[in-house]
Amino acid sequence: MKVVMLQTDICWAKSDENVRHAQQLMADAPDGDLYVLPEMWSTGFATQPDGIACPESDNDALRWMQQTAQMRQCAISGSLAIRADDGSYRNRHYFVNGRAGETYYYDKHHLFSYGGENQFYTSGQQHTIVNYMGFRLLLQTCYDLRFPCWSRYADGREYDAIICVANWPSSRQSAWQLLLRARAIENQCYMIGVNRVGDDQKCHYIGASAVIDVTGHTLAQCRLGVPQALMCDIRMDELQRRREKFRVLDDRD
């Protein structure tokens, strides 16, 4: 499966501009099977969503994901700040399968209390695993990466890759790179981590979006500090071969 990391520079609360930017990056890698955008890619990390988060039922960024995925016959993944039908705000990680005409989502479980995200958003309580092109994909969002128990490969929660979308600041960049590798190694899975670049009102971001294999080896990493579309091919046969050769998951807790 050809995964394209879309490492974007997000314009604060300007959905139309961020959609155009995503389109331009996708044009640089037109043959992808799965395109992955950062966390809250259409607005920036809006911890106070009033006036920024759009209703899910009338969300131009989500509509663009669905229409583009269908037109390109691909999948697009990334999170949006949305207001749900029940009035709650959610940091919702969407996975749009344009080939099947299906949209899945995961609501971020570990809200970033250090930045006040938990004061306005409602935490999700369910894992989401999506089947696409023979891969089982676990959806996660940013701060979730720090919590290995939530990511744990377990009975009833088996998967082949984690997609983690993020707004992870440069001040904690070493943790981003180490935790991506840790989650891949301990769960014997591919890790697809897509982070933003640029600046918002509080933080600076340098990206370091990456695809990691089951051994913790970096298969591809975006350039630091610049927007980029970078493609990486992940292979199910290679994943299965490594899991069979070194059967760590058989001894999991």
# chains A, B, ... in the order shown; residues from 1 in each chain; ligands from 1
$ residues_around --residues "region 81-93 of chain A" --least-positions-apart "5" --cutoff "10 Å" --atoms "only C-alpha atoms" --output "ChimeraX atom specification"
/A:37-50,52-59,62,104-109,111,117,120-124,128,139-141,163-165
$ select_by_dssp --residues "region 39-195 of chain A" --states "helix (DSSP H, G or I)" --output "JSON, numbers by chain"
{"A": [56, 57, 58, 60, 61, 62, 63, 64, 65, 66, 67, 68, 69, 70, 71, 72, 113, 114, 115, 117, 118, 119, 142, 143, 144, 145, 146, 148, 149, 150, 151, 170, 171, 172, 173, 174, 175, 176, 177, 178, 179, 180, 181, 182, 183, 184, 185, 186, 187]}
$ closest_residue --among "A:Leu25, A:Leu179, A:Leu34, A:Val19" --to "Asp60 (chain A)" --atoms "only C-alpha atoms"
A:Val19
$ atom_distance --atom1 "CA of Val194 (chain A)" --atom2 "CA of Met71 (chain A)"
23.0 Å
$ atom_distance --atom1 "CA of Val3 (chain A)" --atom2 "CA of Ala22 (chain A)"
14.9 Å
$ closest_residue --among "A:Leu145, A:Leu137, A:Cys189, A:Met26" --to "Asn167 (chain A)" --atoms "only C-alpha atoms"
A:Leu145
$ closest_residue --among "A:Tyr114, A:Tyr94, A:Tyr35, A:Tyr205" --to "Ala75 (chain A)" --atoms "only C-alpha atoms"
A:Tyr35
$ select_by_dssp --residues "region 118-155 of chain A" --states "strand (DSSP E or B)" --output "compact mmCIF listing (two decimals) with N, CA and C atoms, in the first residue's frame"
# COMPACT_ATOMS: atom_id res chain seq x y z
N TYR A 121 -13.49 19.80 24.93
CA TYR A 121 -13.78 18.65 24.08
C TYR A 121 -14.23 17.46 24.92
N ILE A 129 -10.65 0.54 14.43
CA ILE A 129 -9.75 -0.18 13.53
C ILE A 129 -10.45 -0.30 12.18
N VAL A 130 -9.80 0.19 11.14
CA VAL A 130 -10.38 0.23 9.80
C VAL A 130 -9.67 -0.79 8.92
N ASN A 131 -10.43 -1.54 8.14
CA ASN A 131 -9.86 -2.47 7.17
C ASN A 131 -9.77 -1.78 5.82
N TYR A 132 -8.55 -1.77 5.25
CA TYR A 132 -8.34 -1.10 3.97
C TYR A 132 -7.17 -1.76 3.24
N PHE A 135 -5.01 -4.26 5.04
CA PHE A 135 -4.42 -3.82 6.31
C PHE A 135 -5.51 -3.49 7.31
N ARG A 136 -5.25 -3.79 8.58
CA ARG A 136 -6.09 -3.35 9.68
C ARG A 136 -5.38 -2.14 10.31
N LEU A 137 -6.05 -0.99 10.30
CA LEU A 137 -5.42 0.28 10.66
C LEU A 137 -6.05 0.83 11.93
N LEU A 138 -5.26 1.02 12.97
CA LEU A 138 -5.72 1.60 14.23
C LEU A 138 -5.55 3.11 14.16
N LEU A 139 -6.64 3.86 14.39
CA LEU A 139 -6.59 5.31 14.34
C LEU A 139 -6.27 5.88 15.72
N GLN A 140 -5.32 6.82 15.76
CA GLN A 140 -4.98 7.51 16.99
C GLN A 140 -4.67 8.97 16.69
N THR A 141 -4.63 9.78 17.75
CA THR A 141 -4.43 11.21 17.59
C THR A 141 -3.46 11.74 18.65
N ALA A 154 -3.94 -6.42 21.24
CA ALA A 154 -4.54 -7.34 22.22
C ALA A 154 -5.65 -8.14 21.56
$ closest_residue --among "A:Ala13, A:Val214, A:Ala208, A:Ala184" --to "Lys245 (chain A)" --atoms "only C-alpha atoms"
A:Val214
$ closest_residue --among "A:Ile185, A:Ala29, A:Leu224, A:Ile206" --to "Ala166 (chain A)" --atoms "only C-alpha atoms"
A:Ile206
$ closest_residue --among "A:Arg99, A:Arg241, A:Arg157, A:Arg252" --to "Ile76 (chain A)" --atoms "only C-alpha atoms"
A:Arg99
$ residues_around --residues "Gly101 (chain A)" --least-positions-apart "4" --cutoff "9 Å" --atoms "only C-alpha atoms" --output "list in words"
Gln66, Ala69, Gln70, Val96 and Asn97 of chain A
$ atom_distance --atom1 "CA of Gln23 (chain A)" --atom2 "CA of Cys11 (chain A)"
14.3 Å
